Amino acid sequence: MSLLEEPIRELGRRLRDGEISALELTEEALTRIEQLDGKLGAFLRTTPESARAAAMAADQRLRQDPAGSPILCGIPVAYKDVLCTAGVETTAGSQILRGFVPPYSATVVDRLSALGVVPLGKLNCDEFAMGSSNENSAYQATVNPWDQERVAGGSSGGSAVAAAARLACVTLGSDTGGSVRLPASFSGVVGVKPTYGRVSRYGLIAFASSLDQVGPLAKTVEDAALVMTAIAGHDARDSTSVAAPVDGFLGDLRSGVRGLRLGIPREYLEVGLDAQVRAVFEESVRTLEALGATTQEITLPTTEYALSAYYVIAPAEVSSNLARMDGVRFGPGAPDATTLRQAYEEARHRGFGEEVRRRVTLGTYALSSGYYDAYYLQAQKVRTLVAQDFDRAFAEVDAIISPTAPTTAFRLGERTDDPLAMYATDILTLPANLAGISGISVPAGFAAGLPVGLQVLGPYLGEATCFRVAQSFEDAVGVWRHMPPLAVAAS
Amino acid sequence: MQDGDGVPRAGSIALAELAHVSSLARLGLTAPELAKLAAQLELIVAAVGKLSGADISSVEATAQVGGLRNVTRADEVEDGLTAEQALSNAPVQAAGFLRVPAIQ
C-alpha cells in the first residue's frame with residue numbers, strides 16, 4: 001500500500017514518530033506522478049526540486065518540535081493552476097497566460113506553506129475554470145481514473161484526479177458553479193465549496209468574482225476539514241472575505257447526525273437524474289436515516305431558473321474580469337502587431353479557447369445597452385429568489401442533501417459540441433454559488449463502476465454541519481478506501 | 001435583436017450584432033468563427049431567456065452575497081510589487097515601461 005493512501009492524521013502520527021520522513025513521502029508522491037500521470041494528465045507541471053527542499057525543511061521542523069509542528073507539516077499537496085504560486089508558472093489552463101510566473105502567491109498557498117506543506121506542482125483545469133469536464137484546458141484533457149474513456153469533471157479536474165489517484169494527499173481547487181464538487185463526485189473524492197467569503201480569493205485568478213471560492217479536494221472528509229481549517233479565515237487582501245471565527249470544522253466532526261433534520265429538495269430529483277444515480281442517492285438517504293437523522297422533502301422553487309441566472313451572471317463577470325488578459329502585462333502578447341487594437345485582438349484571439357470566447361461574448365452581450373435589464377438585472381433578481389429559497393429551507397432543516405450531479409462521469413467528447421448540455425451538468429451545484437452558502441460532495445457509492453457523490457449543502461457559514469453530516473456518512477459507507485483501478489494496478 | 005418598442009426579443013441574435021459585441025470584447029474572431037458562435041449563442045440566449053418567466057416583482061437585485069459594505073483599510077502606505085516584479089511578465093518592455101504599439 002502506498003503511503004499516499006493513508007489519511008493525513010495517520011501520516012502525521014508516523015511523521016512525528018519518525019517512522020517515515022516527509023522526504024520519503026514526497027519521493028513516493030513524485031514517483032507515483034511519474035508512473036501514473038502520463039495517462040491521467042492531472043498535473044500541468046511538477047516542481048520536484050522545490051518539493052524536496054520543502055520536504056527537507058518540514059523534516060527539520062518535525063525533528064526539532066514533533067509535538068508543536070502543524071498537522072499538515074510535511075504533507076504533499078498540489079494546486080489548481082488558477083492559484084498563483086510565486087516563481088512557478090501559472091496559466092489557468094490558458095494559452096494567454098503561457099509563461100506567466102507570478103511574483104506573489106495566493107493567500108491560501110502562503111497559509112499552507114507557513115504550515116510546512118510540500119507543494120508538488122500545478123494541476124490541470126478548464127481554461128480559466130470555465131467548464132464541467134476539463135476538456136477546455138488549452139494544454140491537455142485530464143481523464144477519469146475510474147474509466148479513462150471518461151471525463152474527470154471540471155473545472156478542478158486535475159485537483160480531483162490527483163486526490164483520487166493518490167498523487168497528492170490533498171489538493172486545492174476553485175468552485176464557481178460546482179467546479180470542486182462536480183469533479184469530486186465524478187472522480188470519487190471529497191470536495192468542499194466554502195461559504196462565499198470564507199476563504200480568501202487573493203491570488204486566485206478571477207473567473208466570476210461574486211461566485212468564486214477556493215476549496216480542498218481530499219480522499220477523506222477529515223483531510224478536507226484539516227485543510228479548510230488551515231485556509232479559511234479573514235484576509236485583509238480580499239475585501240469580500242468574512243471575519244467569522246473558524247472553528248468547529250474538526251470539533252464537531254464526529255458528533256454524528258442523530259437529531260439533525262435533512263431536507264431533500266423535490267426539484268433536485270426532477271432534473272433528469274440517471275436511474276442508478278437516483279438509486280445510490282436513495283440508499284444514501286436510508287443510511288443517514290439509519291444513523292439517526294430525520295429527512296423531509298423541501299422545495300426550492302427557483303431551481304428551474306437558477307441555471308439560466310448563472311449563465312448570465314457568470315459570463316457577465318467573465319467579460320469584465322478577462323478584460324485584463326490583453327497581452328500587455330503578461331502572456332505571450334502579440335509582438336508583431338502594429339496597432340494597439342490589433343495587439344489586443346491578436347493576443348486574445350490566439351490566447352482564448354472556444355469556451356472562453358463564448359462566455360466573453362455572451363457576457364458582453366448580456367451587459368450591453370438594451371439587454372442589461374432583460375438579462376443581467378433579471379438574473380440578479382432571480383439570484384435573490386434563489387437565496388430566499390435557501391433561507392426558507394434552512395429555517396426548517398439543518399442541511400440539504402441531494403446527488404452532486406444528475407449523472408456519473410460522461411464520455412470524453414460527449415458534450416463538447418453541445419454547450420447547453422455541458423452547462424446543465426452543474427444544475428445541482430450552481431444554486432449554492434448563487435446563494436453563497438456552504439457545501440460538500442462526499443463519495444456515496446458507485447453506478448456501473450463509476451463514482452457517485454452525495455452533496456450536502458449547509459447554510460451561510462454552515463461548513464461545520466456539512467462536515468459533520470459528511471463524516472458520519474463516510475464512516476457508515478466507507479467507500480473512500482476504494483481505489484481507482486489504474487492506481488491499484490500500478491501500486 | 002429588438003422589436004419596434006426597443007424591447008429585447010429573447011433568443012435571437014443577428015450576426016452583425018454579434019460581430020459588434022465580439023469587436024467590443026476585442027476577440028478578433030474570423031467570419032467562420034463568428035458564424036459558429038452565432039448559432040451556439042442563439043441557443044444559449046434562447047435558453048437563458050427563460051428567466052423572463054420568473055416573478056421578480058417583489059425582489060431587489062443581488063450583486064453580491066454576504067452583505068459586507070464599504071470595506072476599506074487604513075490609509076497607510078504599504079509595500080507593493082517593485083517595478084521590476086511588475087514588469088517581469090511583460091512580453092515587451094522598454095526603459096522600465098510596458099511597451100505597446102501606438103493607438104491609431
# chains A, B, ... in the order shown; residues from 1 in each chain; ligands from 1
$ closest_atom_pairs --of "chain A" --to "chain B" --cutoff "7 Å" --atoms "only C-alpha atoms" --output "JSON lines"
{"residue": "A:Phe100", "atom": "CA", "partner": "B:Asn89", "partner_atom": "CA", "distance": 6.0}
{"residue": "A:Val101", "atom": "CA", "partner": "B:Asn89", "partner_atom": "CA", "distance": 6.8}
{"residue": "A:Pro103", "atom": "CA", "partner": "B:Gln85", "partner_atom": "CA", "distance": 6.2}
{"residue": "A:Ser210", "atom": "CA", "partner": "B:Gln64", "partner_atom": "CA", "distance": 5.7}
{"residue": "A:Ser239", "atom": "CA", "partner": "B:Val71", "partner_atom": "CA", "distance": 5.9}
{"residue": "A:Thr240", "atom": "CA", "partner": "B:Leu68", "partner_atom": "CA", "distance": 7.0}
{"residue": "A:Tyr305", "atom": "CA", "partner": "B:Leu51", "partner_atom": "CA", "distance": 6.0}
{"residue": "A:Ser308", "atom": "CA", "partner": "B:Val48", "partner_atom": "CA", "distance": 4.4}
{"residue": "A:Ala309", "atom": "CA", "partner": "B:Leu51", "partner_atom": "CA", "distance": 6.9}
{"residue": "A:Val328", "atom": "CA", "partner": "B:Ala90", "partner_atom": "CA", "distance": 6.1}
{"residue": "A:Arg329", "atom": "CA", "partner": "B:Ala90", "partner_atom": "CA", "distance": 4.4}
{"residue": "A:Phe330", "atom": "CA", "partner": "B:Asn89", "partner_atom": "CA", "distance": 4.7}
{"residue": "A:Gly331", "atom": "CA", "partner": "B:Pro91", "partner_atom": "CA", "distance": 6.6}
{"residue": "A:Pro332", "atom": "CA", "partner": "B:Pro91", "partner_atom": "CA", "distance": 5.9}
{"residue": "A:Gly333", "atom": "CA", "partner": "B:Pro91", "partner_atom": "CA", "distance": 5.8}
{"residue": "A:Thr338", "atom": "CA", "partner": "B:Pro101", "partner_atom": "CA", "distance": 5.7}
{"residue": "A:Thr339", "atom": "CA", "partner": "B:Pro101", "partner_atom": "CA", "distance": 5.0}
{"residue": "A:Leu340", "atom": "CA", "partner": "B:Pro101", "partner_atom": "CA", "distance": 5.0}
{"residue": "A:Tyr344", "atom": "CA", "partner": "B:Arg26", "partner_atom": "CA", "distance": 6.3}
{"residue": "A:Glu345", "atom": "CA", "partner": "B:Gly28", "partner_atom": "CA", "distance": 4.6}
{"residue": "A:Glu346", "atom": "CA", "partner": "B:Gly28", "partner_atom": "CA", "distance": 6.5}
{"residue": "A:Arg348", "atom": "CA", "partner": "B:Leu27", "partner_atom": "CA", "distance": 5.6}
{"residue": "A:His349", "atom": "CA", "partner": "B:Leu27", "partner_atom": "CA", "distance": 5.4}
{"residue": "A:Arg358", "atom": "CA", "partner": "B:Leu37", "partner_atom": "CA", "distance": 6.9}
{"residue": "A:Thr361", "atom": "CA", "partner": "B:Ser22", "partner_atom": "CA", "distance": 5.9}
{"residue": "A:Thr364", "atom": "CA", "partner": "B:Val21", "partner_atom": "CA", "distance": 6.4}
{"residue": "A:Tyr365", "atom": "CA", "partner": "B:Val21", "partner_atom": "CA", "distance": 6.2}
{"residue": "A:Gly370", "atom": "CA", "partner": "B:Pro8", "partner_atom": "CA", "distance": 6.8}
{"residue": "A:Tyr371", "atom": "CA", "partner": "B:Pro8", "partner_atom": "CA", "distance": 6.3}
{"residue": "A:Leu377", "atom": "CA", "partner": "B:Ala61", "partner_atom": "CA", "distance": 6.6}
{"residue": "A:Gln378", "atom": "CA", "partner": "B:Leu51", "partner_atom": "CA", "distance": 6.9}
{"residue": "A:Ala379", "atom": "CA", "partner": "B:Leu51", "partner_atom": "CA", "distance": 6.8}
{"residue": "A:Gln380", "atom": "CA", "partner": "B:Ala61", "partner_atom": "CA", "distance": 4.7}
{"residue": "A:Lys381", "atom": "CA", "partner": "B:Ala61", "partner_atom": "CA", "distance": 4.1}
{"residue": "A:Val382", "atom": "CA", "partner": "B:Ile56", "partner_atom": "CA", "distance": 6.7}
{"residue": "A:Arg383", "atom": "CA", "partner": "B:Thr62", "partner_atom": "CA", "distance": 6.1}
{"residue": "A:Thr384", "atom": "CA", "partner": "B:Thr62", "partner_atom": "CA", "distance": 5.4}
{"residue": "A:Leu420", "atom": "CA", "partner": "B:Ile44", "partner_atom": "CA", "distance": 6.6}
{"residue": "A:Ala435", "atom": "CA", "partner": "B:Val65", "partner_atom": "CA", "distance": 6.8}
{"residue": "A:Gly436", "atom": "CA", "partner": "B:Val65", "partner_atom": "CA", "distance": 5.9}
$ write_last_selection --atoms "C-alpha atoms" --output "JSON list (two decimals), in the first residue's frame"
[["chain", "number", "residue", "atom", "x", "y", "z"],
["A", 100, "PHE", "CA", 3.27, 33.67, -16.68],
["A", 101, "VAL", "CA", 5.31, 33.42, -13.48],
["A", 103, "PRO", "CA", 5.61, 37.43, -8.40],
["A", 210, "SER", "CA", -19.13, 37.13, -6.85],
["A", 239, "SER", "CA", -12.25, 42.75, 0.68],
["A", 240, "THR", "CA", -15.01, 40.15, 0.31],
["A", 305, "TYR", "CA", -34.39, 29.47, -13.23],
["A", 308, "SER", "CA", -30.22, 30.49, -16.60],
["A", 309, "ALA", "CA", -29.38, 33.10, -13.97],
["A", 328, "VAL", "CA", 0.35, 43.74, -22.41],
["A", 329, "ARG", "CA", 1.45, 42.84, -18.89],
["A", 330, "PHE", "CA", 1.63, 39.07, -19.12],
["A", 331, "GLY", "CA", 1.39, 36.19, -21.55],
["A", 332, "PRO", "CA", 2.92, 35.79, -24.99],
["A", 333, "GLY", "CA", 1.30, 39.01, -26.26],
["A", 338, "THR", "CA", 1.37, 47.36, -35.44],
["A", 339, "THR", "CA", -1.60, 48.98, -33.71],
["A", 340, "LEU", "CA", -2.83, 48.68, -30.14],
["A", 344, "TYR", "CA", -5.31, 43.21, -28.21],
["A", 345, "GLU", "CA", -7.21, 41.23, -30.83],
["A", 346, "GLU", "CA", -4.25, 39.06, -31.80],
["A", 348, "ARG", "CA", -6.87, 37.44, -27.25],
["A", 349, "HIS", "CA", -7.65, 35.51, -30.41],
["A", 358, "ARG", "CA", -18.25, 32.03, -25.96],
["A", 361, "THR", "CA", -19.23, 37.20, -25.94],
["A", 364, "THR", "CA", -20.61, 41.30, -23.19],
["A", 365, "TYR", "CA", -23.95, 40.78, -24.90],
["A", 370, "GLY", "CA", -30.67, 47.30, -24.50],
["A", 371, "TYR", "CA", -30.15, 43.85, -22.97],
["A", 377, "LEU", "CA", -30.71, 42.68, -13.98],
["A", 378, "GLN", "CA", -33.32, 39.96, -14.33],
["A", 379, "ALA", "CA", -30.70, 37.33, -13.47],
["A", 380, "GLN", "CA", -29.58, 39.28, -10.41],
["A", 381, "LYS", "CA", -33.16, 39.39, -9.18],
["A", 382, "VAL", "CA", -33.57, 35.68, -9.77],
["A", 383, "ARG", "CA", -30.38, 35.29, -7.74],
["A", 384, "THR", "CA", -32.20, 36.93, -4.84],
["A", 420, "LEU", "CA", -26.10, 23.70, -23.20],
["A", 435, "ALA", "CA", -26.74, 31.99, -2.77],
["A", 436, "GLY", "CA", -23.18, 31.98, -1.35]]
$ select_by_dssp --residues "range 88-248 of chain A" --states "strand (DSSP E)" --output "JSON, numbers by chain"
{"A": [118, 119, 120, 121, 122, 123, 143, 144, 147, 148, 149, 150, 151, 170, 171, 172, 173, 174, 175, 190, 191, 192, 193, 213, 214, 215, 216, 217, 218]}
$ atom_distance --atom1 "CA of Pro335 in chain A" --atom2 "CA of Glu355 in chain A"
24.9 Å
$ residues_around --residues "Ser284 in chain A" --least-positions-apart "2" --cutoff "9 Å" --atoms "only C-alpha atoms" --output "ChimeraX atom specification"
/A:279-282,286-289,444-445,454,473,477
$ write_last_selection --atoms "C-alpha atoms" --output "CSV table (one decimal), in the first residue's frame"
chain,number,residue,atom,x,y,z
A,279,ALA,CA,-30.7,4.5,-6.6
A,280,VAL,CA,-27.4,5.4,-4.9
A,281,PHE,CA,-28.9,8.6,-3.5
A,282,GLU,CA,-31.9,6.7,-2.1
A,286,ARG,CA,-31.6,5.4,4.1
A,287,THR,CA,-28.1,5.3,5.5
A,288,LEU,CA,-28.4,8.8,7.0
A,289,GLU,CA,-31.8,7.9,8.5
A,444,ALA,CA,-21.6,7.8,-1.8
A,445,GLY,CA,-21.1,4.7,-3.9
A,454,LEU,CA,-23.7,12.9,-2.2
A,473,PHE,CA,-21.9,9.3,6.2
A,477,VAL,CA,-20.4,3.8,3.9
$ closest_residue --among "A:Glu222, A:Asp37, A:Glu127, A:Asp65" --to "Ile8 in chain A" --atoms "only C-alpha atoms"
A:Glu222
$ residues_around --residues "Arg9 in chain A" --least-positions-apart "2" --cutoff "10 Å" --atoms "only C-alpha atoms" --output "list of chain:residue names"
A:Glu6, A:Pro7, A:Leu11, A:Gly12, A:Arg13, A:Arg14, A:Leu15, A:Ile71, A:Leu72, A:Glu222, A:Asp223, A:Leu226
$ select_by_dssp --residues "chain B" --states "alpha helix (DSSP H)" --output "VMD selection string"
chain B and resid 15 to 24 31 to 48 83 to 87
$ residues_around --residues "Lys39 in chain A" --least-positions-apart "2" --cutoff "10 Å" --atoms "only C-alpha atoms" --output "ChimeraX atom specification"
/A:33-37,41-42,142-145,148,486
$ closest_residue --among "A:Met422, A:Gln60, A:Met130, A:Val442" --to "Gly191 in chain A" --atoms "only C-alpha atoms"
A:Val442
$ atom_distance --atom1 "CA of Leu172 in chain A" --atom2 "CA of Ala323 in chain A"
25.6 Å
